>>> print(open('target_0.cif').read())   # mmCIF, C-alpha atoms and all ligand atoms
data_protein
loop_
_atom_site.label_atom_id
_atom_site.label_comp_id
_atom_site.auth_asym_id
_atom_site.auth_seq_id
_atom_site.Cartn_x
_atom_site.Cartn_y
_atom_site.Cartn_z
CA MET A 1 12.04 12.67 21.40
CA ASN A 2 15.48 11.19 20.66
CA GLY A 3 18.18 11.01 17.94
CA ASN A 4 16.34 12.20 14.86
CA GLY A 5 13.59 13.87 16.91
CA ASP A 6 14.14 17.40 15.56
CA ALA A 7 13.95 16.20 11.94
CA ILE A 8 10.66 14.43 12.67
CA LYS A 9 9.25 17.47 14.42
CA SER A 10 9.96 19.64 11.38
CA LEU A 11 8.55 16.96 9.05
CA ARG A 12 5.39 16.80 11.18
CA ILE A 13 4.92 20.57 11.11
CA ARG A 14 5.33 20.77 7.33
CA PHE A 15 2.97 17.79 6.95
CA GLN A 16 0.28 19.44 9.07
CA GLU A 17 0.62 22.75 7.21
CA SER A 18 0.09 21.07 3.84
CA LEU A 19 -2.62 18.56 4.84
CA SER A 20 -6.03 19.24 3.29
CA THR A 21 -7.99 16.12 4.23
CA ARG A 22 -11.14 15.86 6.30
CA ASP A 23 -10.18 12.72 8.27
CA LEU A 24 -7.01 11.00 7.06
CA GLY A 25 -3.96 12.10 9.05
CA GLN A 26 -5.91 14.47 11.30
CA THR A 27 -4.89 12.38 14.33
CA THR A 28 -1.28 11.21 14.31
CA ARG A 29 1.50 9.43 16.18
CA TRP A 30 5.10 10.15 15.12
CA LEU A 31 7.76 7.63 16.09
CA THR A 32 11.50 7.95 15.51
CA GLN A 33 12.01 4.19 15.72
CA TYR A 34 9.51 1.38 16.17
CA PRO A 35 9.26 -2.30 15.17
CA SER A 36 6.24 -1.91 12.85
CA THR A 37 3.72 0.89 12.32
CA ASN A 38 1.06 -1.74 11.55
CA THR A 39 1.50 -3.20 15.05
CA GLU A 40 1.19 0.23 16.68
CA ALA A 41 -1.83 1.19 14.54
CA ARG A 42 -3.56 -2.11 15.38
CA ALA A 43 -3.09 -1.56 19.13
CA TRP A 44 -4.29 2.03 18.78
CA ALA A 45 -7.37 0.92 16.79
CA ASP A 46 -8.21 -1.61 19.52
CA GLU A 47 -8.16 1.32 21.98
CA GLY A 48 -10.56 3.29 19.73
CA ALA A 49 -8.36 5.32 17.35
CA PRO A 50 -10.62 7.27 14.95
CA HIS A 51 -10.99 6.75 11.20
CA GLY A 52 -7.92 8.18 9.50
CA ALA A 53 -5.54 7.95 12.47
CA LEU A 54 -1.97 7.81 11.15
CA VAL A 55 1.17 6.20 12.59
CA PHE A 56 4.47 7.36 11.08
CA ALA A 57 7.85 5.78 11.86
CA ASP A 58 11.12 7.22 10.62
CA HIS A 59 12.74 3.84 11.12
CA GLN A 60 11.03 0.45 11.38
CA THR A 61 13.18 -2.19 13.04
CA ALA A 62 10.86 -5.10 12.20
CA GLY A 63 8.82 -3.91 9.22
CA LYS A 64 6.30 -6.52 8.09
CA GLY A 65 5.68 -7.49 4.46
CA ARG A 66 3.07 -9.75 2.89
CA HIS A 67 3.24 -13.51 3.39
CA ASP A 68 5.35 -13.14 6.57
CA ARG A 69 8.18 -11.47 4.69
CA THR A 70 10.04 -8.49 6.18
CA TRP A 71 9.93 -4.95 4.77
CA SER A 72 13.31 -3.26 4.53
CA SER A 73 13.43 0.54 4.44
CA ALA A 74 16.43 2.81 5.14
CA PRO A 75 15.93 5.10 8.17
CA GLY A 76 15.00 8.73 7.55
CA LEU A 77 14.53 8.48 3.78
CA ASN A 78 11.18 6.86 3.01
CA LEU A 79 7.56 6.65 4.14
CA THR A 80 6.63 3.80 6.45
CA VAL A 81 3.14 4.59 7.69
CA SER A 82 -0.06 2.88 8.78
CA LEU A 83 -3.61 4.19 8.83
CA VAL A 84 -6.59 3.12 10.87
CA LEU A 85 -9.56 3.02 8.50
CA ARG A 86 -13.20 2.64 9.51
CA PRO A 87 -14.76 3.04 6.05
CA GLU A 88 -18.46 3.12 5.28
CA ILE A 89 -18.38 -0.18 3.42
CA GLY A 90 -19.09 -3.68 4.66
CA PRO A 91 -16.25 -6.03 5.67
CA SER A 92 -16.90 -8.09 2.51
CA GLN A 93 -15.60 -5.08 0.52
CA PHE A 94 -12.55 -4.38 2.68
CA GLY A 95 -10.32 -6.03 0.05
CA LEU A 96 -11.19 -3.22 -2.36
CA ILE A 97 -9.38 -0.75 -0.09
CA THR A 98 -6.18 -2.24 -1.51
CA LEU A 99 -7.27 -1.19 -5.01
CA ALA A 100 -8.18 2.33 -3.89
CA ALA A 101 -4.84 2.65 -2.07
CA CYS A 102 -2.86 1.47 -5.12
CA LEU A 103 -4.60 4.07 -7.28
CA ALA A 104 -3.90 6.78 -4.68
CA VAL A 105 -0.17 5.94 -4.61
CA CYS A 106 0.03 5.97 -8.44
CA GLN A 107 -1.78 9.32 -8.52
CA THR A 108 0.52 10.84 -5.87
CA ILE A 109 3.65 9.67 -7.69
CA GLN A 110 2.35 11.17 -10.93
CA SER A 111 1.54 14.53 -9.27
CA THR A 112 4.96 14.60 -7.58
CA CYS A 113 6.88 13.85 -10.74
CA THR A 114 4.83 14.16 -13.93
CA ALA A 115 7.43 12.32 -16.02
CA VAL A 116 7.14 9.20 -13.87
CA SER A 117 4.35 6.73 -14.51
CA SER A 118 3.77 3.86 -12.13
CA ARG A 119 1.82 0.63 -12.58
CA ILE A 120 0.34 -2.00 -10.30
CA LYS A 121 1.46 -5.59 -9.93
CA TRP A 122 -1.44 -7.50 -8.38
CA PRO A 123 -2.42 -7.19 -5.68
CA ASN A 124 -0.64 -4.17 -4.25
CA ASP A 125 2.90 -3.63 -5.48
CA ILE A 126 3.50 -0.29 -7.15
CA ARG A 127 6.23 -0.46 -9.75
CA ILE A 128 8.04 2.02 -11.97
CA ASP A 129 9.70 0.59 -15.08
CA GLY A 130 9.40 -2.90 -13.67
CA LYS A 131 10.93 -2.11 -10.26
CA LYS A 132 9.00 -2.01 -7.00
CA CYS A 133 8.81 1.30 -5.15
CA CYS A 134 5.89 0.62 -2.82
CA GLY A 135 4.27 -2.26 -0.98
CA MET A 136 1.16 -2.42 1.19
CA LEU A 137 0.00 -4.59 4.03
CA LEU A 138 -3.70 -4.65 4.83
CA GLU A 139 -4.88 -6.20 8.10
CA SER A 140 -8.55 -6.23 9.02
CA ALA A 141 -10.45 -6.82 12.25
CA ILE A 142 -14.10 -7.80 11.92
CA GLY A 143 -16.24 -6.88 14.95
CA LYS A 144 -19.71 -8.17 15.94
CA ASP A 145 -21.32 -4.83 15.09
CA PRO A 146 -20.60 -3.12 11.74
CA GLY A 147 -19.08 -0.05 13.47
CA GLU A 148 -16.55 -2.19 15.35
CA SER A 149 -14.75 -3.40 12.24
CA PHE A 150 -11.64 -1.66 10.98
CA VAL A 151 -8.73 -2.00 8.58
CA ILE A 152 -5.07 -1.23 9.14
CA LEU A 153 -3.49 -0.07 5.89
CA GLY A 154 0.31 -0.13 6.04
CA ILE A 155 2.20 1.59 3.23
CA GLY A 156 5.93 1.37 2.61
CA LEU A 157 6.93 3.84 -0.11
CA ASN A 158 10.56 4.23 -1.17
CA VAL A 159 11.08 7.97 -1.50
CA ASN A 160 14.72 9.07 -1.25
CA GLN A 161 16.54 5.76 -0.82
CA THR A 162 19.09 5.15 -3.57
CA ASP A 163 20.90 2.02 -2.31
CA PHE A 164 19.08 -1.19 -1.47
CA PRO A 165 20.17 -4.45 0.15
CA ASP A 166 21.81 -6.89 -2.31
CA LEU A 167 18.76 -9.15 -2.40
CA ILE A 168 16.48 -6.43 -3.79
CA GLN A 169 19.04 -4.08 -5.44
CA ASN A 170 17.90 -5.09 -8.94
CA SER A 171 14.18 -5.20 -8.25
CA ALA A 172 13.64 -2.11 -6.05
CA THR A 173 13.53 1.58 -6.86
CA SER A 174 12.47 4.87 -5.29
CA ILE A 175 10.76 8.05 -6.44
CA MET A 176 14.08 9.91 -6.20
CA LEU A 177 15.85 7.40 -8.44
CA GLU A 178 13.11 7.62 -11.05
CA CYS A 179 12.48 11.35 -10.77
CA GLY A 180 16.13 12.41 -10.59
CA ARG A 181 15.70 14.67 -7.56
CA PRO A 182 15.00 14.30 -3.84
CA VAL A 183 11.37 14.52 -2.79
CA ASP A 184 9.95 16.24 0.32
CA ARG A 185 8.43 13.43 2.40
CA SER A 186 6.04 15.70 4.34
CA HIS A 187 4.34 17.02 1.21
CA LEU A 188 4.35 13.60 -0.39
CA LEU A 189 2.58 12.17 2.66
CA SER A 190 -0.05 14.92 2.86
CA GLY A 191 -0.68 14.57 -0.88
CA LEU A 192 -0.97 10.80 -0.56
CA LEU A 193 -3.55 11.09 2.21
CA GLY A 194 -5.54 13.56 0.10
CA ASP A 195 -5.50 11.20 -2.89
CA LEU A 196 -6.39 8.26 -0.67
CA GLU A 197 -9.32 10.10 0.90
CA THR A 198 -10.63 10.88 -2.60
CA MET A 199 -10.27 7.26 -3.73
CA LEU A 200 -11.96 5.94 -0.56
CA SER A 201 -14.90 8.26 -1.05
CA ILE A 202 -15.26 7.03 -4.67
CA LEU A 203 -15.04 3.46 -3.34
CA GLU A 204 -17.86 4.08 -0.86
CA LYS A 205 -20.16 5.41 -3.59
CA ASN A 206 -19.09 3.51 -6.70
CA PRO A 207 -16.78 0.51 -6.16
CA GLU A 208 -16.94 -0.44 -9.83
CA ALA A 209 -15.25 2.84 -10.78
CA ILE A 210 -12.29 1.89 -8.58
CA VAL A 211 -12.07 -1.58 -10.12
CA THR A 212 -12.18 -0.07 -13.63
CA GLN A 213 -9.33 2.36 -12.87
CA TYR A 214 -7.32 -0.39 -11.19
CA ARG A 215 -7.65 -2.63 -14.27
CA GLU A 216 -6.22 0.16 -16.44
CA LYS A 217 -3.08 0.31 -14.26
CA LEU A 218 -2.64 -3.44 -13.85
CA GLU A 219 0.56 -4.97 -15.26
CA GLY A 220 0.79 -8.30 -17.05
CA VAL A 221 -2.74 -8.71 -18.44
CA GLY A 222 -2.62 -11.32 -21.21
CA LYS A 223 0.73 -12.67 -20.06
CA ALA A 224 1.57 -16.19 -18.95
CA MET A 225 1.75 -16.57 -15.18
CA ILE A 226 2.47 -19.15 -12.53
CA LEU A 227 0.45 -18.91 -9.37
CA THR A 228 1.27 -20.77 -6.15
CA ASP A 229 -1.31 -21.48 -3.45
CA VAL A 230 0.48 -20.55 -0.20
CA HIS A 231 -1.64 -23.00 1.83
CA THR A 232 -1.14 -26.13 -0.29
CA ASN A 233 2.04 -25.10 -2.18
CA GLN A 234 0.33 -26.23 -5.39
CA SER A 235 1.22 -24.25 -8.55
CA TYR A 236 -1.01 -23.40 -11.51
CA GLU A 237 0.01 -22.13 -14.95
CA GLY A 238 -2.30 -19.88 -16.93
CA ILE A 239 -2.90 -16.45 -18.43
CA LEU A 240 -3.53 -13.34 -16.35
CA ARG A 241 -6.92 -11.94 -17.35
CA GLY A 242 -7.43 -9.15 -14.79
CA VAL A 243 -9.42 -8.75 -11.57
CA ASP A 244 -13.08 -9.32 -10.78
CA LEU A 245 -15.37 -6.90 -8.94
CA THR A 246 -14.03 -8.08 -5.56
CA GLY A 247 -10.42 -7.42 -6.60
CA ALA A 248 -9.66 -11.14 -6.87
CA LEU A 249 -7.16 -12.13 -9.58
CA GLN A 250 -8.67 -13.74 -12.66
CA MET A 251 -6.55 -16.41 -14.26
CA GLU A 252 -7.41 -18.44 -17.33
CA ILE A 253 -6.45 -22.07 -16.91
CA GLY A 254 -7.34 -24.19 -19.93
CA SER A 255 -10.50 -22.42 -21.08
CA THR A 256 -11.86 -21.63 -17.61
CA ILE A 257 -11.46 -18.40 -15.65
CA HIS A 258 -10.58 -18.96 -11.99
CA SER A 259 -10.51 -16.29 -9.25
CA PHE A 260 -7.85 -16.18 -6.52
CA HIS A 261 -7.71 -14.02 -3.40
CA ALA A 262 -4.67 -11.98 -2.44
CA GLY A 263 -3.97 -13.62 0.92
CA ASP A 264 -3.89 -17.10 -0.59
CA VAL A 265 -1.47 -16.92 -3.53
CA LYS A 266 1.90 -15.70 -4.77
CA LEU A 267 2.43 -15.12 -8.46
CA GLN A 268 5.16 -14.91 -11.06
CA ILE A 269 4.35 -13.22 -14.34
CA GLU A 270 6.35 -13.94 -17.47
CA GLY A 271 8.75 -11.12 -18.27
CA LEU A 272 7.87 -9.00 -15.21
C1 LIG A 301 4.84 -6.00 0.87
O1 LIG A 301 5.03 -5.55 -0.24
O2 LIG A 301 5.23 -7.12 1.21
C2 LIG A 301 4.11 -5.15 1.89
C3 LIG A 301 5.02 -4.17 2.57
C4 LIG A 301 4.30 -3.28 3.57
C5 LIG A 301 5.27 -2.42 4.33
C6 LIG A 301 4.58 -1.39 5.19
S1 LIG A 301 5.73 -0.24 5.86
C7 LIG A 301 4.51 0.40 6.92
C8 LIG A 301 3.71 -0.78 7.42
N1 LIG A 301 4.30 -1.35 8.60
C9 LIG A 301 4.78 -2.58 8.39
O3 LIG A 301 5.35 -3.27 9.23
N2 LIG A 301 4.53 -2.94 7.12
C10 LIG A 301 3.81 -1.92 6.39
#
>>> encode(input="target_0.cif", output="structure tokens")
Amino acid sequence: MNGNGDAIKSLRIRFQESLSTRDLGQTTRWLTQYPSTNTEARAWADEGAPHGALVFADHQTAGKGRHDRTWSSAPGLNLTVSLVLRPEIGPSQFGLITLAACLAVCQTIQSTCTAVSSRIKWPNDIRIDGKKCCGMLLESAIGKDPGESFVILGIGLNVNQTDFPDLIQNSATSIMLECGRPVDRSHLLSGLLGDLETMLSILEKNPEAIVTQYREKLEGVGKAMILTDVHTNQSYEGILRGVDLTGALQMEIGSTIHSFHAGDVKLQIEGL
């Protein structure tokens, strides 16, 4: 243990004391500083990490965002974590884990600070009053046998950060900024894993219920949007209509509804 090791030890103890899950977070790795928790979780999963294994880093030096962007998070203030998930759903439904995770984050924020209500910008940005407080990075590995497949779910949640780099200063927020008081990261994390375990168990039994709840939290439905295909760089203009039962974005172009998958497109929504 180095530098901030004592702070992490105390955070870990308080986390373990408040954790009430069956699987999520029952096996953990706590890192003071590491390039990316997703990278560590992926390597651990390849070595056989169990369902629910959690990697926590107090400081990521090369945090990864979607579409090869970086994820910036101030050391010692936020949650930058990754989970190894081996859910009882087929790989074709792995994309729905994003929806369940978004709902879990919204639920945890609401329980932490009842006055704060968060919404989802497709596919997996959590925003409060139009500013982003959480992003997720899902990476999946599909094995030959069903039991060999797994998902790495990386979550970056701004908790107690109040200053952001210039580039995102106007578009980023944290729970502390919105709630008006600092938040205990250990309890927030144990609560988040509890909410996520609940959402994943609903997903395994009734995926439609997750899609329905996700639609209720989705921002921008009915608004004009521009969507860019990241492979061809082609842009489309249309109206955001929601998500289908696979979690794909539904966009009305002309009078036809088209579906787009999260890994393939970036979107801008009018007024958001
Ligand atoms: C995004 O909004 O672009 C996704 C951000 C995902 C960030 C989290 S932080 C923990 C995990 N480790 C990473 O390197 N990235 C994810």
>>> atom_distance(input="target_0.cif", atom1="atom CA of A:Tyr34", atom2="atom CA of A:His59")
6.5 Å
>>> atom_distance(input="target_0.cif", atom1="atom CA of A:Asp6", atom2="atom CA of A:Leu137")
28.6 Å
>>> atom_distance(input="target_0.cif", atom1="atom CA of A:Gly242", atom2="atom CA of A:Gly130")
18.0 Å
>>> axis_aligned_box(input="target_0.cif", around="ligand LIG 301 (chain A)", padding_each_side="4 Å", output="JSON")
{"center_x": 4.7, "center_y": -3.4, "center_z": 4.5, "size_x": 10.0, "size_y": 15.5, "size_z": 17.5}
>>> closest_residue(input="target_0.cif", among="A:Leu193, A:Ala209, A:Ser171, A:Val159", to="A:Ala53", atoms="all atoms listed in the file")
A:Leu193
>>> closest_residue(input="target_0.cif", among="A:Asp166, A:Glu148, A:Glu270, A:Asp58", to="ligand LIG 301 (chain A)", atoms="all atoms listed in the file")
A:Asp58
>>> residues_near_ligand(input="target_0.cif", ligand="ligand LIG 301 (chain A)", cutoff="10 Å", atoms="only C-alpha atoms and all ligand atoms", output="ChimeraX atom specification")
/A:34-41,55-57,59-73,78-83,123-126,132-139,152-158
>>> closest_residue(input="target_0.cif", among="A:Met199, A:Val265, A:Ile89, A:Ala248", to="A:Thr228", atoms="only C-alpha atoms")
A:Val265
>>> closest_residue(input="target_0.cif", among="A:Ala101, A:Gln169, A:Gly48, A:Thr28", to="A:Glu197", atoms="all atoms listed in the file")
A:Ala101
>>> residues_around(input="target_0.cif", residues="A:Val211", least_positions_apart="2", cutoff="10 Å", atoms="only C-alpha atoms", output="tab-separated table (two decimals) with C-alpha atoms, keeping the file's coordinate frame")
chain	number	residue	atom	x	y	z
A	96	LEU	CA	-11.19	-3.22	-2.36
A	99	LEU	CA	-7.27	-1.19	-5.01
A	100	ALA	CA	-8.18	2.33	-3.89
A	103	LEU	CA	-4.60	4.07	-7.28
A	203	LEU	CA	-15.04	3.46	-3.34
A	206	ASN	CA	-19.09	3.51	-6.70
A	207	PRO	CA	-16.78	0.51	-6.16
A	208	GLU	CA	-16.94	-0.44	-9.83
A	209	ALA	CA	-15.25	2.84	-10.78
A	213	GLN	CA	-9.33	2.36	-12.87
A	214	TYR	CA	-7.32	-0.39	-11.19
A	215	ARG	CA	-7.65	-2.63	-14.27
A	216	GLU	CA	-6.22	0.16	-16.44
A	243	VAL	CA	-9.42	-8.75	-11.57
A	244	ASP	CA	-13.08	-9.32	-10.78
A	245	LEU	CA	-15.37	-6.90	-8.94
A	246	THR	CA	-14.03	-8.08	-5.56
A	247	GLY	CA	-10.42	-7.42	-6.60
>>> closest_residue(input="target_0.cif", among="A:Thr232, A:Gly180, A:His187, A:Arg22", to="A:Ala115", atoms="all atoms listed in the file")
A:Gly180
